[in-house]
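Visitor: File name start.cif; file contents mmCIF, C-alpha atoms; full text below.
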data_entry
loop_
_atom_site.group_PDB
_atom_site.id
_atom_site.type_symbol
_atom_site.label_atom_id
_atom_site.label_comp_id
_atom_site.auth_asym_id
_atom_site.auth_seq_id
_atom_site.Cartn_x
_atom_site.Cartn_y
_atom_site.Cartn_z
ATOM 1 C CA MET A 30 10.947 22.504 5.335
ATOM 2 C CA ARG A 31 9.859 19.156 6.755
ATOM 3 C CA ILE A 32 11.774 16.601 4.740
ATOM 4 C CA VAL A 33 11.633 12.828 4.542
ATOM 5 C CA PHE A 34 14.944 11.505 3.216
ATOM 6 C CA MET A 35 15.094 8.211 1.332
ATOM 7 C CA GLY A 36 18.448 6.670 0.485
ATOM 8 C CA THR A 37 20.643 3.659 1.093
ATOM 9 C CA PRO A 38 24.293 3.583 -0.148
ATOM 10 C CA GLU A 39 27.304 5.775 0.522
ATOM 11 C CA PHE A 40 26.391 7.852 -2.533
ATOM 12 C CA SER A 41 23.345 9.179 -0.631
ATOM 13 C CA VAL A 42 25.141 10.296 2.532
ATOM 14 C CA PRO A 43 26.616 13.653 1.364
ATOM 15 C CA THR A 44 23.145 14.835 0.327
ATOM 16 C CA LEU A 45 21.677 13.909 3.713
ATOM 17 C CA MET A 46 24.516 15.688 5.519
ATOM 18 C CA GLU A 47 24.179 18.808 3.364
ATOM 19 C CA ILE A 48 20.405 18.981 3.864
ATOM 20 C CA VAL A 49 20.820 18.791 7.633
ATOM 21 C CA GLY A 50 23.664 21.313 7.488
ATOM 22 C CA GLN A 51 21.383 23.784 5.708
ATOM 23 C CA GLY A 52 18.970 23.674 8.640
ATOM 24 C CA HIS A 53 16.143 21.664 7.122
ATOM 25 C CA ASP A 54 14.015 19.518 9.427
ATOM 26 C CA VAL A 55 14.618 15.899 8.368
ATOM 27 C CA VAL A 56 11.772 14.183 10.199
ATOM 28 C CA ALA A 57 12.734 10.631 9.183
ATOM 29 C CA CYS A 58 15.157 8.670 7.042
ATOM 30 C CA TYR A 59 13.931 5.720 5.020
ATOM 31 C CA THR A 60 16.521 3.174 3.963
ATOM 32 C CA GLN A 61 16.679 -0.458 2.908
ATOM 33 C CA PRO A 62 16.668 -3.086 5.684
ATOM 34 C CA PRO A 63 19.982 -4.503 6.972
ATOM 35 C CA ARG A 64 21.485 -7.142 4.662
ATOM 36 C CA LYS A 65 23.610 -10.159 5.485
ATOM 37 C CA ALA A 66 27.140 -9.628 4.203
ATOM 38 C CA GLY A 67 30.736 -10.678 4.789
ATOM 39 C CA ARG A 68 32.159 -14.094 5.576
ATOM 40 C CA GLY A 69 30.231 -14.307 8.806
ATOM 41 C CA MET A 70 27.052 -13.198 7.021
ATOM 42 C CA ASP A 71 26.385 -10.661 9.752
ATOM 43 C CA GLU A 72 23.608 -8.166 9.164
ATOM 44 C CA ARG A 73 24.959 -4.825 7.982
ATOM 45 C CA ARG A 74 23.054 -1.589 8.133
ATOM 46 C CA SER A 75 23.186 0.794 5.203
ATOM 47 C CA PRO A 76 25.497 3.840 5.210
ATOM 48 C CA VAL A 77 22.407 6.084 5.344
ATOM 49 C CA HIS A 78 21.118 4.180 8.383
ATOM 50 C CA ASP A 79 24.404 4.788 10.224
ATOM 51 C CA ALA A 80 24.585 8.449 9.189
ATOM 52 C CA ALA A 81 20.986 9.127 10.241
ATOM 53 C CA GLU A 82 21.503 7.597 13.664
ATOM 54 C CA THR A 83 24.631 9.697 14.142
ATOM 55 C CA LEU A 84 22.546 12.771 13.334
ATOM 56 C CA GLY A 85 19.785 11.715 15.716
ATOM 57 C CA ILE A 86 17.215 11.205 12.954
ATOM 58 C CA GLU A 87 14.552 8.520 13.169
ATOM 59 C CA VAL A 88 15.340 5.606 10.839
ATOM 60 C CA ARG A 89 12.705 3.493 9.125
ATOM 61 C CA ALA A 90 13.694 0.440 7.082
ATOM 62 C CA PRO A 91 10.561 -1.207 5.656
ATOM 63 C CA ALA A 92 10.952 -4.001 3.111
ATOM 64 C CA SER A 93 8.296 -2.311 0.971
ATOM 65 C CA LEU A 94 6.185 0.833 0.815
ATOM 66 C CA LYS A 95 3.257 -0.846 -0.908
ATOM 67 C CA GLY A 96 1.226 -1.596 2.228
ATOM 68 C CA GLU A 97 -1.447 0.732 3.592
ATOM 69 C CA GLY A 98 0.223 0.782 6.997
ATOM 70 C CA GLU A 99 3.527 2.064 5.643
ATOM 71 C CA ARG A 100 1.793 4.699 3.543
ATOM 72 C CA ALA A 101 -0.199 5.887 6.554
ATOM 73 C CA ALA A 102 2.950 6.073 8.681
ATOM 74 C CA LEU A 103 4.625 8.216 6.020
ATOM 75 C CA ALA A 104 1.587 10.480 5.719
ATOM 76 C CA ASP A 105 1.589 10.996 9.503
ATOM 77 C CA LEU A 106 4.981 12.694 9.147
ATOM 78 C CA ALA A 107 3.311 15.438 7.079
ATOM 79 C CA PRO A 108 6.374 16.009 4.868
ATOM 80 C CA ASP A 109 6.670 19.080 2.673
ATOM 81 C CA VAL A 110 8.897 17.104 0.314
ATOM 82 C CA ALA A 111 10.654 13.747 0.044
ATOM 83 C CA VAL A 112 14.262 13.675 -1.143
ATOM 84 C CA VAL A 113 15.181 10.369 -2.782
ATOM 85 C CA VAL A 114 18.817 9.447 -3.481
ATOM 86 C CA ALA A 115 19.554 5.863 -4.565
ATOM 87 C CA TYR A 116 16.905 4.453 -2.234
ATOM 88 C CA GLY A 117 16.522 1.185 -4.129
ATOM 89 C CA LEU A 118 12.807 0.611 -3.508
ATOM 90 C CA LEU A 119 9.970 1.465 -5.859
ATOM 91 C CA LEU A 120 7.671 4.264 -4.715
ATOM 92 C CA PRO A 121 4.020 3.635 -5.635
ATOM 93 C CA GLN A 122 1.994 6.580 -6.894
ATOM 94 C CA ALA A 123 0.143 6.708 -3.566
ATOM 95 C CA VAL A 124 3.490 7.375 -1.852
ATOM 96 C CA LEU A 125 4.615 9.929 -4.451
ATOM 97 C CA ASP A 126 1.429 11.881 -3.782
ATOM 98 C CA ILE A 127 1.972 12.258 -0.012
ATOM 99 C CA PRO A 128 4.522 15.123 0.240
ATOM 100 C CA VAL A 129 3.120 18.596 -0.435
ATOM 101 C CA HIS A 130 5.810 19.360 -3.045
ATOM 102 C CA GLY A 131 6.176 15.789 -4.257
ATOM 103 C CA CYS A 132 9.354 13.697 -4.344
ATOM 104 C CA LEU A 133 12.662 15.036 -5.644
ATOM 105 C CA ASN A 134 15.091 12.443 -6.950
ATOM 106 C CA LEU A 135 18.844 12.887 -7.424
ATOM 107 C CA HIS A 136 19.895 10.882 -10.483
ATOM 108 C CA ALA A 137 23.469 10.346 -11.674
ATOM 109 C CA SER A 138 23.140 10.851 -15.415
ATOM 110 C CA LEU A 139 21.913 13.310 -18.030
ATOM 111 C CA LEU A 140 18.414 11.973 -18.583
ATOM 112 C CA PRO A 141 16.981 10.395 -20.627
ATOM 113 C CA ARG A 142 20.351 8.683 -21.112
ATOM 114 C CA TRP A 143 20.993 5.982 -18.520
ATOM 115 C CA ARG A 144 17.722 5.657 -16.697
ATOM 116 C CA GLY A 145 17.882 2.889 -14.128
ATOM 117 C CA ALA A 146 20.104 1.242 -11.555
ATOM 118 C CA ALA A 147 23.739 1.692 -12.649
ATOM 119 C CA PRO A 148 24.104 4.969 -14.584
ATOM 120 C CA ILE A 149 27.652 5.735 -13.406
ATOM 121 C CA ASN A 150 29.077 2.363 -14.415
ATOM 122 C CA ARG A 151 27.176 2.230 -17.705
ATOM 123 C CA ALA A 152 28.273 5.697 -18.795
ATOM 124 C CA ILE A 153 31.947 4.768 -18.426
ATOM 125 C CA MET A 154 31.546 1.266 -19.863
ATOM 126 C CA ALA A 155 29.932 2.828 -22.937
ATOM 127 C CA GLY A 156 32.827 5.260 -23.353
ATOM 128 C CA ASP A 157 30.693 8.380 -22.794
ATOM 129 C CA ALA A 158 32.655 11.644 -22.819
ATOM 130 C CA GLU A 159 30.314 13.344 -20.354
ATOM 131 C CA THR A 160 27.588 12.649 -17.841
ATOM 132 C CA GLY A 161 26.029 14.623 -15.020
ATOM 133 C CA ILE A 162 23.819 14.815 -11.969
ATOM 134 C CA GLU A 163 20.196 15.928 -12.039
ATOM 135 C CA VAL A 164 17.355 16.774 -9.682
ATOM 136 C CA MET A 165 14.084 15.495 -11.119
ATOM 137 C CA ARG A 166 10.491 15.232 -9.983
ATOM 138 C CA MET A 167 9.570 11.611 -9.516
ATOM 139 C CA GLU A 168 6.788 9.904 -11.425
ATOM 140 C CA ALA A 169 5.582 6.303 -11.317
ATOM 141 C CA GLY A 170 7.745 5.439 -14.372
ATOM 142 C CA LEU A 171 11.430 4.539 -14.109
ATOM 143 C CA ASP A 172 13.311 7.876 -14.046
ATOM 144 C CA THR A 173 10.808 9.431 -16.445
ATOM 145 C CA GLY A 174 9.971 12.626 -14.548
ATOM 146 C CA PRO A 175 10.781 16.190 -15.590
ATOM 147 C CA VAL A 176 14.162 17.664 -14.672
ATOM 148 C CA TYR A 177 14.518 20.686 -12.381
ATOM 149 C CA MET A 178 18.296 21.206 -12.267
ATOM 150 C CA ALA A 179 21.400 19.617 -13.792
ATOM 151 C CA GLU A 180 25.199 19.774 -13.674
ATOM 152 C CA LYS A 181 27.359 18.287 -16.432
ATOM 153 C CA VAL A 182 30.625 16.476 -15.749
ATOM 154 C CA VAL A 183 33.372 15.602 -18.225
ATOM 155 C CA ILE A 184 34.491 11.971 -18.001
ATOM 156 C CA ASP A 185 38.256 11.870 -18.373
ATOM 157 C CA GLU A 186 39.460 8.792 -20.269
ATOM 158 C CA ALA A 187 41.297 7.566 -17.162
ATOM 159 C CA MET A 188 38.426 8.147 -14.713
ATOM 160 C CA THR A 189 37.075 5.083 -12.902
ATOM 161 C CA ALA A 190 33.508 4.488 -11.771
ATOM 162 C CA GLY A 191 34.623 5.004 -8.174
ATOM 163 C CA GLU A 192 36.112 8.405 -8.944
ATOM 164 C CA LEU A 193 33.046 9.502 -10.899
ATOM 165 C CA HIS A 194 30.802 8.218 -8.096
ATOM 166 C CA ASP A 195 32.579 10.408 -5.548
ATOM 167 C CA ARG A 196 32.525 13.468 -7.807
ATOM 168 C CA LEU A 197 28.813 13.181 -8.567
ATOM 169 C CA SER A 198 27.944 12.441 -4.939
ATOM 170 C CA VAL A 199 29.416 15.758 -3.800
ATOM 171 C CA LEU A 200 28.035 17.748 -6.748
ATOM 172 C CA GLY A 201 24.630 16.180 -6.213
ATOM 173 C CA ALA A 202 24.479 17.193 -2.576
ATOM 174 C CA ASP A 203 25.053 20.830 -3.526
ATOM 175 C CA LEU A 204 22.563 20.645 -6.389
ATOM 176 C CA MET A 205 19.839 19.190 -4.168
ATOM 177 C CA VAL A 206 20.117 21.862 -1.460
ATOM 178 C CA ARG A 207 19.950 24.534 -4.161
ATOM 179 C CA ALA A 208 16.794 22.919 -5.492
ATOM 180 C CA LEU A 209 15.282 22.756 -2.002
ATOM 181 C CA ALA A 210 16.024 26.447 -1.458
ATOM 182 C CA ALA A 211 14.194 27.357 -4.671
ATOM 183 C CA LEU A 212 11.277 24.938 -4.261
ATOM 184 C CA PRO A 213 9.015 26.737 -1.747
ATOM 185 C CA ARG A 214 9.234 30.078 -3.568
ATOM 186 C CA GLY A 215 8.340 28.548 -6.924
ATOM 187 C CA GLY A 216 11.833 28.995 -8.312
ATOM 188 C CA LEU A 217 12.110 25.616 -10.049
ATOM 189 C CA THR A 218 11.180 25.030 -13.675
ATOM 190 C CA ALA A 219 10.298 21.455 -14.655
ATOM 191 C CA THR A 220 11.690 20.536 -18.077
ATOM 192 C CA PRO A 221 10.227 17.368 -19.636
ATOM 193 C CA GLN A 222 12.752 14.800 -20.757
ATOM 194 C CA ALA A 223 13.436 14.372 -24.467
ATOM 195 C CA GLN A 224 11.644 11.493 -26.136
ATOM 196 C CA GLU A 225 14.769 10.571 -28.115
ATOM 197 C CA GLY A 226 17.989 9.104 -26.749
ATOM 198 C CA VAL A 227 16.500 6.977 -23.998
ATOM 199 C CA THR A 228 18.893 4.312 -22.697
ATOM 200 C CA TYR A 229 18.672 2.027 -19.681
ATOM 201 C CA ALA A 230 21.432 1.407 -17.154
ATOM 202 C CA ARG A 231 20.582 -2.135 -16.152
ATOM 203 C CA LYS A 232 21.907 -3.508 -12.883
ATOM 204 C CA LEU A 233 25.419 -4.933 -13.092
ATOM 205 C CA ASP A 234 25.558 -8.705 -13.500
ATOM 206 C CA LYS A 235 28.487 -10.837 -12.315
ATOM 207 C CA ALA A 236 28.393 -12.632 -15.652
ATOM 208 C CA GLU A 237 29.552 -9.489 -17.479
ATOM 209 C CA THR A 238 32.542 -8.701 -15.262
ATOM 210 C CA ARG A 239 34.984 -11.100 -16.957
ATOM 211 C CA ILE A 240 37.300 -9.360 -19.424
ATOM 212 C CA ASP A 241 36.971 -10.288 -23.087
ATOM 213 C CA TRP A 242 40.398 -9.609 -24.549
ATOM 214 C CA SER A 243 39.065 -10.099 -28.087
ATOM 215 C CA ARG A 244 37.323 -6.719 -27.824
ATOM 216 C CA PRO A 245 39.134 -3.554 -29.009
ATOM 217 C CA ALA A 246 41.598 -2.078 -26.514
ATOM 218 C CA ARG A 247 39.429 1.022 -25.967
ATOM 219 C CA GLU A 248 36.431 -1.133 -25.052
ATOM 220 C CA VAL A 249 38.460 -3.278 -22.662
ATOM 221 C CA HIS A 250 39.803 -0.114 -21.029
ATOM 222 C CA ASP A 251 36.286 1.280 -20.581
ATOM 223 C CA HIS A 252 35.144 -2.071 -19.211
ATOM 224 C CA VAL A 253 37.928 -2.077 -16.618
ATOM 225 C CA ARG A 254 37.401 1.461 -15.379
ATOM 226 C CA GLY A 255 33.613 1.176 -15.491
ATOM 227 C CA LEU A 256 33.756 -1.713 -13.008
ATOM 228 C CA SER A 257 36.466 -0.272 -10.749
ATOM 229 C CA PRO A 258 36.710 -0.587 -7.822
ATOM 230 C CA PHE A 259 33.559 -2.686 -7.465
ATOM 231 C CA PRO A 260 32.698 -5.307 -8.537
ATOM 232 C CA GLY A 261 35.933 -5.268 -10.541
ATOM 233 C CA ALA A 262 36.699 -6.592 -14.025
ATOM 234 C CA TRP A 263 38.721 -9.811 -13.897
ATOM 235 C CA CYS A 264 40.552 -12.454 -15.844
ATOM 236 C CA GLU A 265 42.314 -15.730 -15.084
ATOM 237 C CA ILE A 266 46.101 -16.007 -15.066
ATOM 238 C CA ALA A 267 48.388 -18.984 -14.421
ATOM 239 C CA ILE A 268 50.653 -17.932 -11.531
ATOM 240 C CA GLY A 269 53.143 -20.346 -9.981
ATOM 241 C CA GLY A 270 51.516 -23.361 -11.590
ATOM 242 C CA ARG A 271 47.942 -22.592 -10.569
ATOM 243 C CA THR A 272 45.200 -20.563 -12.208
ATOM 244 C CA GLU A 273 44.131 -17.502 -10.249
ATOM 245 C CA ARG A 274 41.346 -14.985 -10.719
ATOM 246 C CA VAL A 275 42.882 -11.499 -10.874
ATOM 247 C CA LYS A 276 40.966 -8.232 -10.851
ATOM 248 C CA ILE A 277 42.183 -5.432 -13.103
ATOM 249 C CA LEU A 278 41.319 -2.174 -11.328
ATOM 250 C CA ARG A 279 43.132 0.353 -13.480
ATOM 251 C CA SER A 280 44.465 0.343 -17.036
ATOM 252 C CA SER A 281 45.867 2.842 -19.523
ATOM 253 C CA ARG A 282 45.667 3.136 -23.270
ATOM 254 C CA THR A 283 48.704 2.935 -25.524
ATOM 255 C CA ASP A 284 49.565 3.334 -29.219
ATOM 256 C CA VAL A 285 51.451 0.020 -29.259
ATOM 257 C CA MET A 286 50.210 -2.391 -31.935
ATOM 258 C CA ALA A 287 50.228 -6.093 -31.144
ATOM 259 C CA ALA A 288 50.860 -8.977 -33.551
ATOM 260 C CA ALA A 289 49.719 -11.547 -30.995
ATOM 261 C CA ALA A 290 46.578 -13.348 -29.904
ATOM 262 C CA PRO A 291 44.255 -11.319 -27.680
ATOM 263 C CA GLY A 292 45.099 -11.746 -24.006
ATOM 264 C CA THR A 293 48.803 -12.385 -24.635
ATOM 265 C CA LEU A 294 51.290 -10.673 -22.312
ATOM 266 C CA LEU A 295 53.571 -8.616 -24.581
ATOM 267 C CA ASP A 296 55.913 -7.003 -22.077
ATOM 268 C CA ALA A 297 56.775 -8.272 -18.605
ATOM 269 C CA ASP A 298 58.573 -5.084 -17.549
ATOM 270 C CA ALA A 299 55.783 -3.662 -15.395
ATOM 271 C CA ALA A 300 57.279 -0.246 -14.664
ATOM 272 C CA ASP A 301 54.487 1.411 -16.679
ATOM 273 C CA GLY A 302 52.041 -1.490 -16.476
ATOM 274 C CA LEU A 303 51.815 -4.977 -17.933
ATOM 275 C CA LEU A 304 51.200 -4.757 -21.684
ATOM 276 C CA VAL A 305 48.477 -7.100 -22.993
ATOM 277 C CA ALA A 306 47.260 -7.666 -26.571
ATOM 278 C CA CYS A 307 43.628 -6.903 -27.407
ATOM 279 C CA GLY A 308 41.356 -7.853 -30.271
ATOM 280 C CA ASP A 309 41.861 -4.957 -32.649
ATOM 281 C CA GLY A 310 45.613 -5.336 -32.986
ATOM 282 C CA GLY A 311 46.016 -2.830 -30.166
ATOM 283 C CA ALA A 312 47.196 -3.312 -26.613
ATOM 284 C CA LEU A 313 46.392 -2.152 -23.110
ATOM 285 C CA ARG A 314 48.598 -1.524 -20.093
ATOM 286 C CA LEU A 315 47.380 -3.020 -16.822
ATOM 287 C CA VAL A 316 48.304 -0.514 -14.129
ATOM 288 C CA GLN A 317 46.664 -1.795 -10.935
ATOM 289 C CA LEU A 318 45.794 -5.417 -10.195
ATOM 290 C CA GLN A 319 44.448 -7.455 -7.295
ATOM 291 C CA ARG A 320 44.993 -11.146 -6.674
ATOM 292 C CA ALA A 321 42.277 -13.036 -4.810
ATOM 293 C CA GLY A 322 42.556 -12.464 -1.064
ATOM 294 C CA LYS A 323 45.199 -9.755 -1.445
ATOM 295 C CA LYS A 324 45.202 -5.976 -1.571
ATOM 296 C CA ALA A 325 45.158 -3.978 -4.780
ATOM 297 C CA MET A 326 48.693 -3.197 -5.959
ATOM 298 C CA PRO A 327 50.590 -1.417 -8.754
ATOM 299 C CA ALA A 328 51.630 -3.589 -11.692
ATOM 300 C CA ALA A 329 55.310 -3.565 -10.679
ATOM 301 C CA GLU A 330 54.509 -4.925 -7.210
ATOM 302 C CA PHE A 331 52.122 -7.492 -8.686
ATOM 303 C CA GLN A 332 54.784 -8.665 -11.158
ATOM 304 C CA ARG A 333 57.386 -9.098 -8.419
ATOM 305 C CA GLY A 334 55.162 -11.714 -6.875
ATOM 306 C CA ALA A 335 53.624 -13.220 -10.002
ATOM 307 C CA GLN A 336 56.761 -13.371 -12.193
ATOM 308 C CA LEU A 337 54.753 -13.594 -15.426
ATOM 309 C CA ALA A 338 56.720 -14.351 -18.588
ATOM 310 C CA VAL A 339 56.186 -12.728 -21.986
ATOM 311 C CA GLY A 340 53.714 -14.880 -23.890
ATOM 312 C CA THR A 341 51.615 -15.713 -20.817
ATOM 313 C CA SER A 342 47.937 -15.948 -21.742
ATOM 314 C CA LEU A 343 45.324 -13.994 -19.778
ATOM 315 C CA SER A 344 41.900 -15.541 -20.193
#
Render the structure in this file as structure tokens.

Guide:
Amino acid sequence: MRIVFMGTPEFSVPTLMEIVGQGHDVVACYTQPPRKAGRGMDERRSPVHDAAETLGIEVRAPASLKGEGERAALADLAPDVAVVVAYGLLLPQAVLDIPVHGCLNLHASLLPRWRGAAPINRAIMAGDAETGIEVMRMEAGLDTGPVYMAEKVVIDEAMTAGELHDRLSVLGADLMVRALAALPRGGLTATPQAQEGVTYARKLDKAETRIDWSRPAREVHDHVRGLSPFPGAWCEIAIGGRTERVKILRSSRTDVMAAAAPGTLLDADAADGLLVACGDGGALRLVQLQRAGKKAMPAAEFQRGAQLAVGTSLS
């Protein structure tokens, strides 16, 4: 089939590669325009942009698809279907109507739970025991379309957002090519989403990344792993006479009960992780940490440099 692919981040790349590998004709890749990033604020192209160029596919990076000119340019490609994976731009109804078989979207949740921008992070931060990846037919509403295919995934209590991201990215690529194989022969059944259980995975905000040690240990643990590795949950710690921002990238739960104020370091022996009191009388072990400007490191290596004493307050 003639396919227009629309995607931007690394999550989208395996699906693009799998579609090409299955012999489909990807006539163009749409992705978000280059963004300024890094200390030098150089313009960086998206992972999909780089992958498409490597594959010899035409890349288009409009700032919007709302203009008549952009819609006409898309229509000129005469696509059988558009495959949309974390594109990041809204598709007006006039665009959704262009492909013969419509637009198929790969979404990283079990809809209608976690519609929106950050379903992987929100599922873990909420302590969900399972999530999944789905192929849905796009409508003008936010992730409201009927579902064609789905795969469930168990979320282990130690799994980070980064690990779940990678798992769903690979599963999603396989699911999408299976959907594309069934599409032209009428082998897909569209199942409307349930009206109950709708939740929204709002975009992550920097203001919510700071750790609140007064929350129960389970919630702090889910907060840490739901933001790992990016943007990273953090706290402030006094190290060597100065206050530093430290990211906590991995933690583990424990049965230890703490008779101390939340955020108090209970055990400085970091062999199994630094033990910190939380708000429910429980405690959490910090397993992997990252000081500002340094690489991520195991707790034991971090403690060799930080030399934190029992009773130190993490805020």

Visitor: Which residues, named as in the file, does the PyMOL selection byres ((chain A and resi 316) around 7) pick out? Answer as a ChimeraX atom specification.

Guide: /A:279-281,301-303,314-315,317-318,327-328

Visitor: Could you check the closest approach to A:Val253 for each of A:Asp298, A:Glu273, A:Asp195, A:Glu186 and tell me which residue wins, using all atoms listed in the file?

Guide: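 Smallest separation from A:Val253 among the options: A:Glu186.
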
Visitor: Do you know which residues the PyMOL selection byres ((chain A and resi 254-261) around 6) returns on this file, as JSON, numbers by chain?

Guide: {"A": [150, 153, 154, 189, 190, 191, 251, 252, 253, 262, 276, 278]}

Visitor: Report as a compact mmCIF listing (two decimals) with C-alpha atoms, in the frame of the given file the full result of the PyMOL selection byres ((chain A and resi 77-88) around 12) when it is applied to this structure.

Guide:
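The result, written out as result.txt:
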# COMPACT_ATOMS: atom_id res chain seq x y z
CA ILE A 32 11.77 16.60 4.74
CA VAL A 33 11.63 12.83 4.54
CA PHE A 34 14.94 11.50 3.22
CA MET A 35 15.09 8.21 1.33
CA GLY A 36 18.45 6.67 0.48
CA THR A 37 20.64 3.66 1.09
CA PRO A 38 24.29 3.58 -0.15
CA GLU A 39 27.30 5.78 0.52
CA PHE A 40 26.39 7.85 -2.53
CA SER A 41 23.34 9.18 -0.63
CA VAL A 42 25.14 10.30 2.53
CA PRO A 43 26.62 13.65 1.36
CA THR A 44 23.14 14.84 0.33
CA LEU A 45 21.68 13.91 3.71
CA MET A 46 24.52 15.69 5.52
CA GLU A 47 24.18 18.81 3.36
CA ILE A 48 20.40 18.98 3.86
CA VAL A 49 20.82 18.79 7.63
CA GLY A 50 23.66 21.31 7.49
CA ASP A 54 14.02 19.52 9.43
CA VAL A 55 14.62 15.90 8.37
CA VAL A 56 11.77 14.18 10.20
CA ALA A 57 12.73 10.63 9.18
CA CYS A 58 15.16 8.67 7.04
CA TYR A 59 13.93 5.72 5.02
CA THR A 60 16.52 3.17 3.96
CA GLN A 61 16.68 -0.46 2.91
CA PRO A 62 16.67 -3.09 5.68
CA PRO A 63 19.98 -4.50 6.97
CA ARG A 64 21.48 -7.14 4.66
CA ARG A 73 24.96 -4.82 7.98
CA ARG A 74 23.05 -1.59 8.13
CA SER A 75 23.19 0.79 5.20
CA PRO A 76 25.50 3.84 5.21
CA ARG A 89 12.70 3.49 9.12
CA ALA A 90 13.69 0.44 7.08
CA PRO A 91 10.56 -1.21 5.66
CA LEU A 106 4.98 12.69 9.15
CA VAL A 113 15.18 10.37 -2.78
CA VAL A 114 18.82 9.45 -3.48
CA ALA A 115 19.55 5.86 -4.57
CA TYR A 116 16.90 4.45 -2.23

Visitor: Record the distance separating atom CA of A:Met165 and atom CA of A:Met188, expressed in Å with one decimal.

Guide: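 Distance between the two atoms: 25.7 Å.
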
Visitor: I need the residue nearest A:Ala335 from this list: A:Val275, A:Met178, A:Ala236, A:Ala107. Use all atoms listed in the file for the distance.

Guide: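 Using all atoms listed in the file, the shortest distance to A:Ala335 belongs to A:Val275.
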
Visitor: Using only C-alpha atoms, determine which residues lie at most 8 Å from A:Gly145, disregarding the query and same-chain residues fewer than 3 positions distant; provide the list as a VMD selection string.

Guide: chain A and resid 148 171 to 172 229 to 232

Visitor: State, in Å with one decimal place, the distance from atom CA of A:Ala306 to atom CA of A:Thr293.

Guide: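 Those two atoms sit 5.3 Å apart.
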
Visitor: Generate the coordinates of N, CA, C and O atoms for stretch 170-181 of chain A; report them as a compact mmCIF listing (two decimals), in the frame of the given file.

Guide:
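Once everything was written out, this is selection.txt:
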# COMPACT_ATOMS: atom_id res chain seq x y z
N GLY A 170 6.85 6.11 -13.43
CA GLY A 170 7.74 5.44 -14.37
C GLY A 170 9.19 5.46 -13.89
O GLY A 170 9.56 6.23 -13.00
N LEU A 171 10.03 4.64 -14.50
CA LEU A 171 11.43 4.54 -14.11
C LEU A 171 12.22 5.74 -14.62
O LEU A 171 12.53 5.83 -15.81
N ASP A 172 12.50 6.69 -13.72
CA ASP A 172 13.31 7.88 -14.05
C ASP A 172 12.76 8.65 -15.25
O ASP A 172 13.51 9.15 -16.09
N THR A 173 11.44 8.77 -15.30
CA THR A 173 10.81 9.43 -16.44
C THR A 173 10.39 10.87 -16.16
O THR A 173 9.97 11.57 -17.08
N GLY A 174 10.50 11.32 -14.92
CA GLY A 174 9.97 12.63 -14.55
C GLY A 174 10.73 13.80 -15.13
O GLY A 174 11.87 13.66 -15.61
N PRO A 175 10.13 14.98 -15.08
CA PRO A 175 10.78 16.19 -15.59
C PRO A 175 11.96 16.60 -14.72
O PRO A 175 11.99 16.31 -13.53
N VAL A 176 12.91 17.29 -15.34
CA VAL A 176 14.16 17.66 -14.67
C VAL A 176 14.08 19.11 -14.19
O VAL A 176 13.69 20.01 -14.94
N TYR A 177 14.49 19.34 -12.95
CA TYR A 177 14.52 20.69 -12.38
C TYR A 177 15.88 21.36 -12.56
O TYR A 177 15.97 22.51 -12.95
N MET A 178 16.95 20.62 -12.22
CA MET A 178 18.30 21.21 -12.27
C MET A 178 19.29 20.14 -12.70
O MET A 178 19.07 18.94 -12.47
N ALA A 179 20.39 20.57 -13.32
CA ALA A 179 21.40 19.62 -13.79
C ALA A 179 22.79 20.24 -13.77
O ALA A 179 22.94 21.45 -13.93
N GLU A 180 23.79 19.39 -13.56
CA GLU A 180 25.20 19.77 -13.67
C GLU A 180 25.90 18.74 -14.54
O GLU A 180 25.79 17.53 -14.30
N LYS A 181 26.62 19.20 -15.57
CA LYS A 181 27.36 18.29 -16.43
C LYS A 181 28.76 18.04 -15.88
O LYS A 181 29.34 18.90 -15.22
